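Trainee: Got a structure for you, my_file-v8.pdb, holding PDB, C-alpha atoms, pLDDT in the B column.
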ATOM      1  CA  MET A   1      73.814 160.577  49.852  1.00 50.00           C
ATOM      2  CA  ASN A   2      71.461 157.679  50.020  1.00 50.00           C
ATOM      3  CA  SER A   3      69.201 159.414  52.548  1.00 47.00           C
ATOM      4  CA  ARG A   4      68.954 162.457  50.356  1.00 47.00           C
ATOM      5  CA  LEU A   5      67.948 160.450  47.358  1.00 45.00           C
ATOM      6  CA  MET A   6      65.234 158.796  49.284  1.00 46.00           C
ATOM      7  CA  LEU A   7      63.780 162.049  50.440  1.00 45.00           C
ATOM      8  CA  ARG A   8      63.802 163.356  46.972  1.00 47.00           C
ATOM      9  CA  ARG A   9      62.088 160.348  45.433  1.00 49.00           C
ATOM     10  CA  MET A  10      59.225 160.310  47.928  1.00 48.00           C
ATOM     11  CA  PRO A  11      57.824 163.660  46.826  1.00 52.00           C
ATOM     12  CA  ASP A  12      58.211 162.669  43.170  1.00 54.00           C
ATOM     13  CA  ILE A  13      56.137 159.505  43.774  1.00 50.00           C
ATOM     14  CA  ALA A  14      53.518 161.510  45.665  1.00 48.00           C
ATOM     15  CA  ILE A  15      53.266 164.043  42.845  1.00 50.00           C
ATOM     16  CA  VAL A  16      52.976 161.327  40.219  1.00 48.00           C
ATOM     17  CA  SER A  17      50.239 159.551  42.272  1.00 53.00           C
ATOM     18  CA  VAL A  18      48.252 162.757  42.684  1.00 51.00           C
ATOM     19  CA  ALA A  19      48.590 163.488  38.966  1.00 49.00           C
ATOM     20  CA  VAL A  20      47.331 160.005  37.990  1.00 48.00           C
ATOM     21  CA  ALA A  21      44.378 160.332  40.393  1.00 51.00           C
ATOM     22  CA  MET A  22      43.430 163.728  38.914  1.00 51.00           C
ATOM     23  CA  ILE A  23      43.556 162.365  35.373  1.00 51.00           C
ATOM     24  CA  CYS A  24      41.250 159.524  36.378  1.00 49.00           C
ATOM     25  CA  VAL A  25      38.744 161.894  38.041  1.00 50.00           C
ATOM     26  CA  VAL A  26      38.789 164.284  35.087  1.00 50.00           C
ATOM     27  CA  GLY A  27      38.456 161.366  32.674  1.00 51.00           C
ATOM     28  CA  LEU A  28      35.297 160.154  34.385  1.00 54.00           C
ATOM     29  CA  SER A  29      33.604 163.521  34.060  1.00 55.00           C
ATOM     30  CA  LEU A  30      34.371 163.947  30.363  1.00 52.00           C
ATOM     31  CA  PRO A  31      31.573 163.153  27.858  1.00 57.00           C
ATOM     32  CA  THR A  32      31.799 159.798  26.065  1.00 55.00           C
ATOM     33  CA  ASP A  33      32.847 159.902  22.475  1.00 60.00           C
ATOM     34  CA  ALA A  34      29.581 159.664  20.456  1.00 58.00           C
ATOM     35  CA  GLY A  35      31.155 157.368  17.917  1.00 76.00           C
ATOM     36  CA  THR A  36      31.977 154.564  20.361  1.00 89.00           C
ATOM     37  CA  SER A  37      28.480 153.671  21.717  1.00 91.00           C
ATOM     38  CA  ASP A  38      24.823 154.081  20.934  1.00 92.00           C
ATOM     39  CA  ARG A  39      21.543 152.563  22.086  1.00 94.00           C
ATOM     40  CA  ALA A  40      17.878 152.433  21.165  1.00 95.00           C
ATOM     41  CA  THR A  41      14.660 151.097  22.636  1.00 96.00           C
ATOM     42  CA  VAL A  42      12.664 149.095  20.098  1.00 96.00           C
ATOM     43  CA  PRO A  43       9.033 148.048  20.674  1.00 97.00           C
ATOM     44  CA  VAL A  44       8.092 144.449  19.855  1.00 97.00           C
ATOM     45  CA  THR A  45       4.375 143.801  19.255  1.00 97.00           C
ATOM     46  CA  CYS A  46       2.137 141.004  18.056  1.00 97.00           C
ATOM     47  CA  LYS A  47      -1.503 140.022  17.825  1.00 95.00           C
ATOM     48  CA  VAL A  48      -2.847 136.580  18.707  1.00 95.00           C
ATOM     49  CA  VAL A  49      -5.108 135.149  16.028  1.00 96.00           C
ATOM     50  CA  ALA A  50      -8.491 133.843  17.164  1.00 95.00           C
ATOM     51  CA  ALA A  51      -8.483 130.052  17.171  1.00 97.00           C
ATOM     52  CA  LEU A  52     -11.146 127.438  17.821  1.00 97.00           C
ATOM     53  CA  GLU A  53     -10.816 123.674  17.631  1.00 97.00           C
ATOM     54  CA  ALA A  54     -13.658 121.253  18.291  1.00 98.00           C
ATOM     55  CA  SER A  55     -14.144 117.516  18.305  1.00 97.00           C
ATOM     56  CA  PHE A  56     -17.606 116.100  17.716  1.00 97.00           C
ATOM     57  CA  PRO A  57     -19.252 112.769  18.473  1.00 96.00           C
ATOM     58  CA  GLY A  58     -19.622 110.100  15.805  1.00 95.00           C
ATOM     59  CA  ALA A  59     -22.729 108.311  14.555  1.00 96.00           C
ATOM     60  CA  VAL A  60     -25.454 107.568  17.094  1.00 97.00           C
ATOM     61  CA  SER A  61     -27.616 104.443  16.993  1.00 97.00           C
ATOM     62  CA  LEU A  62     -30.797 104.419  19.037  1.00 97.00           C
ATOM     63  CA  GLY A  63     -31.306 100.725  18.236  1.00 96.00           C
ATOM     64  CA  ASN A  64     -34.752  99.170  17.804  1.00 96.00           C
ATOM     65  CA  LEU A  65     -37.600 101.328  19.069  1.00 97.00           C
ATOM     66  CA  ASP A  66     -40.642  99.604  20.596  1.00 96.00           C
ATOM     67  CA  VAL A  67     -44.030 101.167  19.916  1.00 96.00           C
ATOM     68  CA  GLY A  68     -45.689 102.327  23.118  1.00 89.00           C
ATOM     69  CA  ALA A  69     -42.498 101.996  25.168  1.00 95.00           C
ATOM     70  CA  PRO A  70     -40.911 105.021  26.823  1.00 96.00           C
ATOM     71  CA  PRO A  71     -38.799 107.117  24.433  1.00 97.00           C
ATOM     72  CA  VAL A  72     -35.259 105.859  23.867  1.00 97.00           C
ATOM     73  CA  LEU A  73     -32.384 108.012  25.116  1.00 98.00           C
ATOM     74  CA  SER A  74     -28.962 108.149  23.526  1.00 98.00           C
ATOM     75  CA  ALA A  75     -25.767 108.028  25.503  1.00 97.00           C
ATOM     76  CA  PRO A  76     -24.378 111.537  26.125  1.00 98.00           C
ATOM     77  CA  GLN A  77     -22.823 112.903  22.954  1.00 98.00           C
ATOM     78  CA  THR A  78     -19.842 115.008  23.989  1.00 98.00           C
ATOM     79  CA  VAL A  79     -18.449 117.988  22.089  1.00 98.00           C
ATOM     80  CA  THR A  80     -15.022 119.225  23.202  1.00 98.00           C
ATOM     81  CA  VAL A  81     -14.041 122.797  22.366  1.00 98.00           C
ATOM     82  CA  ARG A  82     -10.729 124.588  22.730  1.00 98.00           C
ATOM     83  CA  SER A  83     -10.986 128.319  22.109  1.00 98.00           C
ATOM     84  CA  ASN A  84      -8.941 131.385  22.964  1.00 97.00           C
ATOM     85  CA  ALA A  85     -12.023 133.638  22.775  1.00 97.00           C
ATOM     86  CA  PRO A  86     -15.610 133.385  24.057  1.00 98.00           C
ATOM     87  CA  TRP A  87     -17.566 130.731  22.171  1.00 98.00           C
ATOM     88  CA  ALA A  88     -20.959 129.150  21.610  1.00 98.00           C
ATOM     89  CA  LEU A  89     -22.309 125.790  20.433  1.00 98.00           C
ATOM     90  CA  LYS A  90     -25.399 125.365  18.257  1.00 98.00           C
ATOM     91  CA  ILE A  91     -27.233 122.371  16.826  1.00 98.00           C
ATOM     92  CA  ARG A  92     -29.553 121.763  13.846  1.00 98.00           C
ATOM     93  CA  SER A  93     -30.794 118.909  11.658  1.00 98.00           C
ATOM     94  CA  ASP A  94     -31.107 118.319   7.950  1.00 98.00           C
ATOM     95  CA  ALA A  95     -34.904 118.013   8.338  1.00 97.00           C
ATOM     96  CA  GLN A  96     -36.746 121.250   8.940  1.00 98.00           C
ATOM     97  CA  ASP A  97     -39.418 119.466  11.001  1.00 98.00           C
ATOM     98  CA  GLY A  98     -36.826 117.413  12.921  1.00 98.00           C
ATOM     99  CA  ARG A  99     -38.378 114.052  11.977  1.00 98.00           C
ATOM    100  CA  MET A 100     -36.276 111.074  10.947  1.00 98.00           C
ATOM    101  CA  ARG A 101     -36.789 109.880   7.373  1.00 98.00           C
ATOM    102  CA  GLN A 102     -36.399 106.557   5.612  1.00 97.00           C
ATOM    103  CA  TRP A 103     -32.763 105.950   4.684  1.00 97.00           C
ATOM    104  CA  THR A 104     -31.780 103.323   2.103  1.00 96.00           C
ATOM    105  CA  GLY A 105     -28.162 103.035   3.181  1.00 94.00           C
ATOM    106  CA  THR A 106     -26.978 105.440   0.487  1.00 95.00           C
ATOM    107  CA  GLY A 107     -29.591 108.206   0.601  1.00 95.00           C
ATOM    108  CA  TYR A 108     -33.121 109.131   1.631  1.00 96.00           C
ATOM    109  CA  ALA A 109     -35.771 106.996  -0.092  1.00 95.00           C
ATOM    110  CA  THR A 110     -37.389 108.578  -3.134  1.00 92.00           C
ATOM    111  CA  PRO A 111     -39.723 109.887  -4.284  1.00 92.00           C
ATOM    112  CA  VAL A 112     -41.220 110.262  -0.780  1.00 90.00           C
ATOM    113  CA  PRO A 113     -39.473 108.697   2.224  1.00 93.00           C
ATOM    114  CA  ARG A 114     -41.477 107.379   5.132  1.00 96.00           C
ATOM    115  CA  THR A 115     -41.135 109.729   8.112  1.00 97.00           C
ATOM    116  CA  MET A 116     -41.373 109.211  11.862  1.00 98.00           C
ATOM    117  CA  ALA A 117     -44.380 110.856  13.521  1.00 97.00           C
ATOM    118  CA  ALA A 118     -42.481 112.543  16.383  1.00 97.00           C
ATOM    119  CA  PRO A 119     -39.374 114.673  15.893  1.00 98.00           C
ATOM    120  CA  LEU A 120     -36.035 113.733  17.389  1.00 98.00           C
ATOM    121  CA  GLU A 121     -35.593 115.661  20.617  1.00 98.00           C
ATOM    122  CA  TRP A 122     -32.411 116.893  22.250  1.00 98.00           C
ATOM    123  CA  LYS A 123     -31.245 118.551  25.424  1.00 98.00           C
ATOM    124  CA  ARG A 124     -27.999 119.499  27.004  1.00 97.00           C
ATOM    125  CA  GLN A 125     -27.103 116.686  29.400  1.00 96.00           C
ATOM    126  CA  ASP A 126     -27.255 119.048  32.368  1.00 94.00           C
ATOM    127  CA  GLY A 127     -30.419 120.735  31.010  1.00 92.00           C
ATOM    128  CA  ALA A 128     -33.955 120.262  32.243  1.00 91.00           C
ATOM    129  CA  ASP A 129     -36.162 119.827  29.179  1.00 95.00           C
ATOM    130  CA  PHE A 130     -35.985 118.136  25.787  1.00 98.00           C
ATOM    131  CA  THR A 131     -36.614 120.248  22.677  1.00 97.00           C
ATOM    132  CA  PRO A 132     -37.500 119.043  19.175  1.00 98.00           C
ATOM    133  CA  ILE A 133     -34.592 119.458  16.802  1.00 98.00           C
ATOM    134  CA  SER A 134     -35.207 121.367  13.564  1.00 98.00           C
ATOM    135  CA  GLY A 135     -33.451 122.781  10.549  1.00 98.00           C
ATOM    136  CA  ASN A 136     -32.974 126.049  12.440  1.00 98.00           C
ATOM    137  CA  GLU A 137     -29.945 126.421  14.679  1.00 97.00           C
ATOM    138  CA  ALA A 138     -30.694 126.099  18.373  1.00 97.00           C
ATOM    139  CA  VAL A 139     -28.287 127.235  21.080  1.00 97.00           C
ATOM    140  CA  VAL A 140     -26.733 124.435  23.122  1.00 97.00           C
ATOM    141  CA  ALA A 141     -24.227 126.667  24.959  1.00 97.00           C
ATOM    142  CA  ALA A 142     -23.748 130.441  24.737  1.00 96.00           C
ATOM    143  CA  GLY A 143     -21.480 132.984  26.380  1.00 95.00           C
ATOM    144  CA  MET A 144     -18.858 130.361  27.149  1.00 97.00           C
ATOM    145  CA  PRO A 145     -15.496 131.816  28.274  1.00 97.00           C
ATOM    146  CA  PRO A 146     -12.161 131.057  26.581  1.00 97.00           C
ATOM    147  CA  THR A 147     -11.173 127.498  27.456  1.00 97.00           C
ATOM    148  CA  GLY A 148      -7.405 127.609  27.615  1.00 95.00           C
ATOM    149  CA  SER A 149      -5.432 124.581  26.449  1.00 96.00           C
ATOM    150  CA  VAL A 150      -7.469 122.141  28.544  1.00 96.00           C
ATOM    151  CA  GLY A 151     -10.686 122.811  26.607  1.00 97.00           C
ATOM    152  CA  ALA A 152     -14.300 122.510  27.724  1.00 98.00           C
ATOM    153  CA  THR A 153     -16.929 119.857  27.097  1.00 98.00           C
ATOM    154  CA  VAL A 154     -20.659 120.047  26.496  1.00 98.00           C
ATOM    155  CA  SER A 155     -22.779 116.903  26.218  1.00 98.00           C
ATOM    156  CA  VAL A 156     -26.061 116.469  24.357  1.00 98.00           C
ATOM    157  CA  VAL A 157     -28.604 113.668  24.842  1.00 98.00           C
ATOM    158  CA  PHE A 158     -31.112 112.667  22.142  1.00 98.00           C
ATOM    159  CA  ARG A 159     -34.555 111.173  22.700  1.00 98.00           C
ATOM    160  CA  GLN A 160     -36.873 109.461  20.193  1.00 98.00           C
ATOM    161  CA  ALA A 161     -40.340 108.019  20.733  1.00 97.00           C
ATOM    162  CA  ALA A 162     -42.081 105.508  18.466  1.00 97.00           C
ATOM    163  CA  SER A 163     -45.827 105.133  18.021  1.00 96.00           C
ATOM    164  CA  TYR A 164     -48.288 103.152  15.891  1.00 96.00           C
ATOM    165  CA  ASP A 165     -48.073 106.055  13.436  1.00 97.00           C
ATOM    166  CA  ASP A 166     -44.500 105.000  12.635  1.00 97.00           C
ATOM    167  CA  GLU A 167     -44.323 102.378   9.921  1.00 95.00           C
ATOM    168  CA  ALA A 168     -42.019  99.417  10.229  1.00 95.00           C
ATOM    169  CA  LEU A 169     -39.707  99.510   7.212  1.00 94.00           C
ATOM    170  CA  PRO A 170     -40.049  96.350   5.075  1.00 87.00           C
ATOM    171  CA  ASP A 171     -36.452  96.402   3.749  1.00 93.00           C
ATOM    172  CA  PRO A 172     -34.019  95.291   6.499  1.00 92.00           C
ATOM    173  CA  ALA A 173     -31.284  97.485   4.963  1.00 94.00           C
ATOM    174  CA  HIS A 174     -33.425 100.600   5.519  1.00 96.00           C
ATOM    175  CA  ALA A 175     -33.622 102.622   8.752  1.00 97.00           C
ATOM    176  CA  TYR A 176     -34.942 105.944   9.922  1.00 98.00           C
ATOM    177  CA  ARG A 177     -32.252 108.600   9.921  1.00 98.00           C
ATOM    178  CA  ILE A 178     -31.604 112.285  10.495  1.00 98.00           C
ATOM    179  CA  GLU A 179     -28.353 114.184  10.226  1.00 98.00           C
ATOM    180  CA  VAL A 180     -27.418 116.457  13.106  1.00 98.00           C
ATOM    181  CA  THR A 181     -24.979 119.324  12.615  1.00 98.00           C
ATOM    182  CA  TYR A 182     -23.075 120.864  15.504  1.00 98.00           C
ATOM    183  CA  VAL A 183     -21.723 124.376  14.975  1.00 98.00           C
ATOM    184  CA  ALA A 184     -19.042 125.732  17.342  1.00 98.00           C
ATOM    185  CA  THR A 185     -18.325 129.430  16.817  1.00 97.00           C
ATOM    186  CA  GLN A 186     -16.412 132.164  18.558  1.00 97.00           C
ATOM    187  CA  THR A 187     -18.448 135.069  19.847  1.00 93.00           C
ATOM    188  CA  TYR A 188     -17.227 138.548  20.669  1.00 80.00           C
TER     189      TYR A 188
END
Let me see whether you can do it: turn the structure in this file into structure tokens.
Mentor:
Amino acid sequence: MNSRLMLRRMPDIAIVSVAVAMICVVGLSLPTDAGTSDRATVPVTCKVVAALEASFPGAVSLGNLDVGAPPVLSAPQTVTVRSNAPWALKIRSDAQDGRMRQWTGTGYATPVPRTMAAPLEWKRQDGADFTPISGNEAVVAAGMPPTGSVGATVSVVFRQAASYDDEALPDPAHAYRIEVTYVATQTY
């Protein structure tokens, strides 16, 4: 009786195994219930805002100028620019003719300040020729590429000559002065 039972159980186990396998195969081919999952693709966009940051040199002293001596040169005046777009650097002075005027320590002398005969000249440090500065913007650097985080530097050198046409100022608190404006702008 034991051997008969065993023979009988074997086919039952085989039938049950086949039935479970068929249910699994059929279950895999059935569509997923729409209420149990969902998905979407969502675009994420942004725009980077144009940004420019510049650092400019401080006050420049050319010291005492000797009449008849070669013109005095300033140390290189370095402008550092960080920009994420193409950029340019321009320069101008507060005097249309580019000549230094008598400064009292608090303002230009009035009613008429004494003025130097020759204009202050400038050039890019790696440039060839000096140019008189004026009240009109002059291009120091143009078409410069974006700098990245490291930044880029441009240096300017000033030159001033003195002649017998330049008066010595009687008040020791007075000096000849001109204000130079650097303008860093992004270009597109």
Trainee: Can you give me, as a PyMOL selection string, the residues this file yields under the PyMOL selection byres ((chain A and resi 174) around 7)?
Mentor: chain A and resi 102-105+169+171-173+175
Trainee: What does the distance between atom CA of A:Thr110 and atom CA of A:Glu137 come to in Å, to one decimal place?
Mentor: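 That distance, rounded to one decimal, is 26.3 Å.
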Trainee: Suppose you want the space between atom CA of A:Tyr176 and atom CA of A:Val79; what is it in Å?
Mentor: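 Atom CA of A:Val79 lies 23.8 Å from atom CA of A:Tyr176.
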Trainee: Select, from A:Thr153, A:Ala162, A:Asn84, A:Thr181, the residue with the minimum atom-to-atom distance to A:Gly58, counting only C-alpha atoms.
Mentor: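 Using only C-alpha atoms, A:Gly58 sits closest to A:Thr181.
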Trainee: Applying 9 Å and only C-alpha atoms, which residues near stretch 86-100 of chain A remain after dropping the ones on its own chain fewer than 3 positions away? List them as an MDAnalysis selection string.
Mentor: chainID A and resid 52 79 81 83 103 114:121 132:147 154 176:188
Trainee: Could you spell out the hits of the PyMOL selection byres ((chain A and resi 156) around 7) on the shown file, as a ChimeraX atom specification?
Mentor: /A:76-78,122-125,154-155,157-158
Trainee: Using only C-alpha atoms, which of the listed residues (A:Ala109, A:Thr80, A:Asp129, A:Ser74) sits closest to A:Val150?
Mentor: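 Checking each candidate against A:Val150, we get A:Thr80 as the closest.
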Trainee: Atom CA of A:Phe130 and atom CA of A:Pro70 are how many Å apart?
Mentor: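 It comes out at 14.0 Å.
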Trainee: Taking all atoms of stretch 63-72 of chain A that appear in the file, build a box with edges along x, y and z, extend it by 3 Å on every side, and state its centre and edge lengths in Å to one decimal, as JSON.
Mentor:
{"center_x": -38.5, "center_y": 103.1, "center_z": 22.3, "size_x": 20.4, "size_y": 13.9, "size_z": 15.0}
Trainee: Pick the closest to A:Tyr164 from A:Gly127, A:Gly148, A:Gly68, A:Pro111: which is it, counting only C-alpha atoms?
Mentor: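 When distances to A:Tyr164 are compared using only C-alpha atoms, the smallest one comes from A:Gly68.
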